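Notes follow once the structure below has been shown.
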2 protein chains.
Amino acid sequence: MTVGSLRTPAILIDRATALRNLDRMQAEAIANGIRLRPHAKTHKSPLVARWQVDRGAIGICCAKLGEAEVFADAGIENIRIPYPLHPANADRLVALSNRTHLSFIVDHPAVAKQWSEALVRRARQIDVLVKIDVGFHRCGIDPAAAGAVDMIRMVASLPGLRLKGLLSHAGHAYHAHTEDELKAMADTEARTMRELADRCRSAGVKIEEISAGATPPARFSITQKGFTEYRPGNYVYFDRTQVALGAATFDDCALTVLATVVSKPAPDRVIFDSGSKTLTNDGARGFDAAPGHGVVIDHPDLLIERLSEEHAIVKATKGSTKLEPGDRVRIIPNHSCVVSNLVDQAWLVDGDGAEALPIAARGRIT
Amino acid sequence: MTVGSLRTPAILIDRATALRNLDRMQAEAIANGIRLRPHAKTHKSPLVARWQVDRGAIGICCAKLGEAEVFADAGIENIRIPYPLHPANADRLVALSNRTHLSFIVDHPAVAKQWSEALVRRARQIDVLVKIDVGFHRCGIDPAAAGAVDMIRMVASLPGLRLKGLLSHAGHAYHAHTEDELKAMADTEARTMRELADRCRSAGVKIEEISAGATPPARFSITQKGFTEYRPGNYVYFDRTQVALGAATFDDCALTVLATVVSKPAPDRVIFDSGSKTLTNDGARGFDAAPGHGVVIDHPDLLIERLSEEHAIVKATKGSTKLEPGDRVRIIPNHSCVVSNLVDQAWLVDGDGAEALPIAARGRIT
C-alpha cells in the first residue's frame with residue numbers, strides 16, 4: 001500500500017523514527033548500565049516488542065494479564081506486570097507463568113497474603129516487587145510510613161512470592177511545570193528508592209532490583225545511581241505531551257494520525273474525519289500545555305478546537321485556511337498510547353510505503 | 001456466565017433497562033407521528049439494532065461507512081450516514097448501496113458536485129440530505145446565509161444525487177446550562193428547519209424529509225411540528241451526562257462498568273481496575289456538571305478523581321471508605337458511546353446472568 005491510498009483516518013507509525021527512538025533509549029540504558037524493560041502499553045504490538053528485545057531490552061512490561069497473554073503467545077520470554085493484580089486472577093497468572101518468565105507487583109498487605117496463599121495452593125513461586133509511591137499518589141506504599149520496611153519484609157517472608165525488589169513510577173512527572181521541577185522529581189524518586197532499599201537491606205531484606213520508569217523524566221532518571229531497570233513506554237512513539245515535557249522533539253514523534261478534510265463550513269473552519277475515536281479526548285500536558293487535540297503538521301495556524309467522536313472541528317486561527325475538502329493532513333496526537341488502543345491495525349510507514357501493523361494487544365482490559 | 005464470575009473491568013448492559021429505553025422512545029415517536037432512526041454509534045451492535053428495528057425504527061444511522069458495512073452485513077435494510085462522506089469513498093458507498101437502502105448527507109457545494117460526478121460515472125443515484133447547522137457549528141450549511149436555498153436547490157439539480165430533504169443535529173444541546181436553555185435550543189432548531197424547508201418549497205425544491213436527532217433535547221424535539229424523523233443514539237444506554245441534562249434518571253442508565261478494587265493505598269483512596277481504557281477521559285457535561293469520571297453506584301461518597309489508562313484513582317470524600325481490595329463496584333460512565341467503542345465485547349445482563357454481546361462495529365473508524 002501507499003500512504004496516499006490509505007483510507008482515513010489512519011494511524012501511521014514512521015518506522016525509521018520509531019527505530020531511532022528505540023536505539024537511542026537502548027544506548028542510554030547500556031551506557032548507564034541499566035536494564036531496559038519497555039512498557040508495551042504504548043504500542044501493544046508483538047512486532048514492536050520484538051524490535052525492543054532484539055535491541056537488548058531484558059523483556060517488556062504489560063499493564064494487564066490479557067496484554068501479557070498476547071505477548072507471551074508471540075514469544076516474549078520475560079514479562080513484568082507493574083500492576084496490582086488481584087488474586088482472583090491466580091489461575092490465569094499461573095497459566096501465563098508457564099509460558100513466560102513472569103513477575104508482578106504487590107502494594108497491599110492483605111492482597112500480598114492472599115497471593116501467597118493462592119500460589120502456595122497451586123505449588124508455585126512467582127517473582128514480585130513491592131510498588132513504592134514516589135509522589136504520583138496512585139498505587140504503592142508510602143516510603144516514609146513507619147511500617148514501610150516491615151511491609152516489604154513481610155512480603156519477603158511470604159511463601160509463593162519471591163521478592164525481587166522495589167518498583168516505582170513517577171507518573172506525577174506528567175504534571176511537572178518546568179524542566180527543573182521534572183528533574184527534581186527524578187532526583188527525589190531515585191533518592192527515595194535508594195534510601196528505602198538501603199533501609200530494607202539494613203533490616204536484612206534482600207533487594208536485588210530497583211525498577212523505575214516513565215518517559216518524561218527518563219533523561220534524568222536513567223543516569224541515577226541505584227536503579228537496576230528502567231521501564232519507559234511512550235518513548236517508542238512519543239507525542240505532543242512528551243514534546244511539551246522536553247522529552248522529545250516533534251521530529252521524534254513516530255505516531256501520527258492521517259486525516260482527510262471532509263467539510264469546510266466556513267473559511268476559518270474545516271472538519272477532519274479524525275474525532276475522539278482516533279485522537280481521544282486526552283488533553284495536552286506539559287510545561288506550557290497548549291489547547292487543542294493535537295498538532296497539525298505543517299499547519300501551525302490550525303487549532304483542533306473540539307472533537308466529536310468522528311469529527312475534529314478545526315479553527316484557522318489566522319482567519320482562513322487554504323485546506324479544502326479532500327486534502328489530507330497528519331496530526332501528532334496529545335497522547336499516543338491511547339490512540340494505539342483504538343484501532344485493530346496501524347500502518348507502518350517507510351516513505352510513501354505503508355504496511356499493516358496489527359495492534360494485537362489492543363483492548364485487552366482484563 | 002454470572003455477573004459475579006466475570007473478569008473485570010467489564011462493560012455491562014442491563015437488558016431490561018435498555019429495552020425499556022427503546023420502548024419509551026419508540027412509543028414517543030409513534031405518538032407524535034415521527035419516524036425513529038436511532039444512531040447506532042452508541043451500541044455498535046447488530047443485536048441492539050435489530051431490537052430497534054423490530055420495535056418500529058425505520059432503520060438506523062451510522063457515522064462511517066465501516067460501521068454501516070457491519071450493519072448491512074447483519075441484515076439492517078435501511079441505513080443513513082449523517083456524515084459528510086468524501087467522494088474518495090464512492091466505490092465503497094456504491095457497493096454498500098447494493099446491500100442496504102443507503103442515504104447520506106452533503107454540506108459543501110464542491111463535494112456535492114464531486115459526488116454527483118462520481119455517482120453518474122457509476123450509473124447510480126443515491127439519496128442525500130443537506131446538513132443544516134442549527135447552532136452546533138460543526139458541519140452543515142448556515143441556514144441564515146443568503147445562498148442557503150440556492151445551495152439546496154443546486155444539490156436537488158445534481159444527477160446521481162436524489163435530494164430527500166434537510167438534516168440537523170443539535171449537538172450544542174450537550175452544552176446547555178439549564179432545562180429552559182435546552183428547550184429553547186430544541187424550539188430554535190425546529191423553527192429553523194421548518195422555515196428553511198418552507199423557503200426551499202417556495203423556491204420549487206421538494207423537501208420530503210426533515211430529520212433531526214440528539215438524545216438531550218429529544219423530549220422537546222420529538223413533539224415539534226415539521227420533523228419527519230428523529231435520530232437519537234445515546235438513549236438506548238444513557239449515561240451520567242444525559243442524567244445531568246435531564247434526559248434520563250440514573251435508573252435509566254443501562255450501561256455500567258463493573259470494576260474491582262485492586263488497591264487501597266490510604267484509608268481515603270482506593271484504586272479500581274477501570275481506567276481510561278474503559279471509562280475514557282470524556283468529561284462530565286450537563287446543567288451542574290460535577291467533577292469525576294463517572295458515578296459509583298451505591299457509593300455517593302466516592303469521587304473518581306483521576307484516571308490512568310488502567311487505574312481509576314478514587315477519593316473517599318468523607319475521609320474513608322469501607323471498600324477493600326477484591327470488592328466490586330459498578331460505575332455509570334460520563335459518556336456511554338465512547339465506552340462501547342473500547343471493547344470487542346460487552347455483557348448483556350439479566351439479573352445475575354450475563355451473556356456476551358459482541359460490539360461488532362467497534363473501531364470502524366473509516
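Letters A, B, ... go to the chains of the C-alpha cells in the order shown; residues in each chain start at 1; ligands are counted from 1 in the same order.
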
Next on the checklist: I need the strand (DSSP E) residues of segment 145-338 of chain B per DSSP on the backbone, written as a PyMOL selection string.
Outcome noted: chain B and resi 161-168+209-212+229-230+255-266+269-272+295-296+302-307+312-316+328-332

Next on the checklist: I need the residues of segment 166-306 of chain A that end up classed as helix (DSSP H, G or I) by DSSP on the backbone, written out as a VMD selection string.
Outcome noted: chain A and resid 171 to 175 179 to 202 218 to 221 234 to 236 240 to 244 250 to 252 276 to 279

Written file, previous selection with N, CA and C atoms, as a compact mmCIF listing (two decimals), in the first residue's frame:
# COMPACT_ATOMS: atom_id res chain seq x y z
N GLY A 171 4.65 8.93 37.72
CA GLY A 171 3.58 9.43 36.85
C GLY A 171 3.30 10.90 37.07
N HIS A 172 3.65 11.41 38.26
CA HIS A 172 3.46 12.84 38.52
C HIS A 172 4.36 13.71 37.65
N ALA A 173 5.37 13.09 37.04
CA ALA A 173 6.25 13.86 36.15
C ALA A 173 5.46 14.44 34.97
N TYR A 174 4.34 13.80 34.63
CA TYR A 174 3.50 14.33 33.55
C TYR A 174 2.90 15.69 33.93
N HIS A 175 2.91 15.99 35.21
CA HIS A 175 2.30 17.24 35.66
C HIS A 175 3.35 18.28 36.05
N GLU A 179 11.23 22.30 33.50
CA GLU A 179 12.31 21.32 33.38
C GLU A 179 12.96 21.06 34.75
N ASP A 180 13.15 22.13 35.51
CA ASP A 180 13.77 21.98 36.84
C ASP A 180 12.89 21.13 37.76
N GLU A 181 11.59 21.37 37.68
CA GLU A 181 10.69 20.59 38.53
C GLU A 181 10.72 19.12 38.14
N LEU A 182 10.76 18.88 36.84
CA LEU A 182 10.82 17.50 36.35
C LEU A 182 12.10 16.81 36.83
N LYS A 183 13.21 17.53 36.73
CA LYS A 183 14.48 16.96 37.17
C LYS A 183 14.46 16.69 38.68
N ALA A 184 13.85 17.60 39.42
CA ALA A 184 13.76 17.41 40.87
C ALA A 184 12.93 16.17 41.20
N MET A 185 11.87 15.94 40.44
CA MET A 185 11.06 14.74 40.65
C MET A 185 11.90 13.48 40.41
N ALA A 186 12.70 13.51 39.35
CA ALA A 186 13.55 12.36 39.04
C ALA A 186 14.57 12.13 40.16
N ASP A 187 15.16 13.22 40.63
CA ASP A 187 16.15 13.11 41.72
C ASP A 187 15.50 12.55 42.98
N THR A 188 14.34 13.08 43.30
CA THR A 188 13.64 12.64 44.52
C THR A 188 13.28 11.17 44.43
N GLU A 189 12.77 10.77 43.26
CA GLU A 189 12.41 9.36 43.10
C GLU A 189 13.62 8.46 43.34
N ALA A 190 14.74 8.81 42.71
CA ALA A 190 15.92 7.95 42.83
C ALA A 190 16.43 7.91 44.27
N ARG A 191 16.44 9.08 44.91
CA ARG A 191 16.92 9.12 46.30
C ARG A 191 15.99 8.31 47.20
N THR A 192 14.70 8.50 47.00
CA THR A 192 13.71 7.78 47.81
C THR A 192 13.90 6.27 47.67
N MET A 193 14.06 5.83 46.45
CA MET A 193 14.18 4.39 46.21
C MET A 193 15.50 3.83 46.76
N ARG A 194 16.58 4.58 46.57
CA ARG A 194 17.87 4.13 47.11
C ARG A 194 17.81 4.03 48.63
N GLU A 195 17.26 5.07 49.26
CA GLU A 195 17.22 5.10 50.72
C GLU A 195 16.35 3.98 51.28
N LEU A 196 15.22 3.75 50.61
CA LEU A 196 14.34 2.69 51.09
C LEU A 196 15.01 1.32 50.91
N ALA A 197 15.67 1.15 49.77
CA ALA A 197 16.38 -0.12 49.54
C ALA A 197 17.45 -0.32 50.61
N ASP A 198 18.16 0.76 50.94
CA ASP A 198 19.19 0.66 51.99
C ASP A 198 18.56 0.28 53.33
N ARG A 199 17.44 0.90 53.66
CA ARG A 199 16.77 0.56 54.92
C ARG A 199 16.34 -0.90 54.93
N CYS A 200 15.86 -1.37 53.79
CA CYS A 200 15.46 -2.79 53.71
C CYS A 200 16.68 -3.68 53.93
N ARG A 201 17.75 -3.35 53.23
CA ARG A 201 18.95 -4.19 53.35
C ARG A 201 19.48 -4.19 54.78
N SER A 202 19.42 -3.02 55.42
CA SER A 202 19.85 -2.94 56.82
C SER A 202 18.98 -3.82 57.71
N ALA A 218 12.88 10.29 31.85
CA ALA A 218 13.87 9.27 31.52
C ALA A 218 15.27 9.85 31.38
N ARG A 219 15.37 11.03 30.76
CA ARG A 219 16.69 11.62 30.52
C ARG A 219 17.43 11.96 31.81
N PHE A 220 16.65 12.16 32.88
CA PHE A 220 17.29 12.43 34.18
C PHE A 220 17.43 11.15 35.01
N SER A 221 16.48 10.25 34.84
CA SER A 221 16.43 9.08 35.72
C SER A 221 17.42 8.00 35.34
N ASN A 234 6.18 5.24 26.45
CA ASN A 234 5.81 6.16 25.38
C ASN A 234 6.94 6.48 24.41
N TYR A 235 8.21 6.31 24.87
CA TYR A 235 9.37 6.76 24.08
C TYR A 235 9.44 6.15 22.69
N VAL A 236 8.76 5.05 22.45
CA VAL A 236 8.83 4.44 21.11
C VAL A 236 8.16 5.34 20.07
N ARG A 240 2.69 14.77 21.48
CA ARG A 240 2.73 16.21 21.76
C ARG A 240 3.04 16.49 23.23
N THR A 241 2.53 15.64 24.13
CA THR A 241 2.79 15.85 25.55
C THR A 241 4.27 15.67 25.87
N GLN A 242 4.89 14.67 25.29
CA GLN A 242 6.31 14.43 25.56
C GLN A 242 7.16 15.59 25.02
N VAL A 243 6.75 16.14 23.88
CA VAL A 243 7.48 17.30 23.36
C VAL A 243 7.33 18.46 24.34
N ALA A 244 6.12 18.65 24.84
CA ALA A 244 5.87 19.75 25.78
C ALA A 244 6.57 19.53 27.12
N PHE A 250 9.35 17.33 17.96
CA PHE A 250 8.30 16.88 17.04
C PHE A 250 8.86 15.88 16.02
N ASP A 251 10.12 16.05 15.64
CA ASP A 251 10.72 15.11 14.69
C ASP A 251 10.83 13.70 15.26
N ASP A 252 10.79 13.57 16.57
CA ASP A 252 10.88 12.24 17.20
C ASP A 252 9.51 11.54 17.25
N SER A 276 -12.73 11.88 18.35
CA SER A 276 -12.19 11.28 19.58
C SER A 276 -12.05 9.77 19.43
N LYS A 277 -12.64 9.17 18.38
CA LYS A 277 -12.46 7.74 18.14
C LYS A 277 -11.07 7.44 17.58
N THR A 278 -10.32 8.47 17.17
CA THR A 278 -8.91 8.25 16.81
C THR A 278 -7.96 9.07 17.69
N LEU A 279 -8.34 10.29 18.03
CA LEU A 279 -7.42 11.15 18.80
C LEU A 279 -7.64 11.04 20.30

Next on the checklist: Tell me as a ChimeraX atom specification which residues belonging to chain B come within 8 Å of chain A, counting only C-alpha atoms.
Outcome noted: /B:7-9,63,84-86,88,107-108,111,138-141,262-265,271,277-278,280-282,309-310,313,325-326,338,341-344,363-366

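The gap separating atom CA of Val70 of chain B from atom CA of Arg99 of chain B is 10.9 Å, in Å to one decimal.
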
Item to check | Nearby residues (only C-alpha atoms) at most 9 Å from Pro267 of chain B, same-chain spacing under 3 positions excluded, as a list in words | outcome: Lys264, Val270, Ala316, Gly319, Ser320, Thr321 and Lys322 of chain B
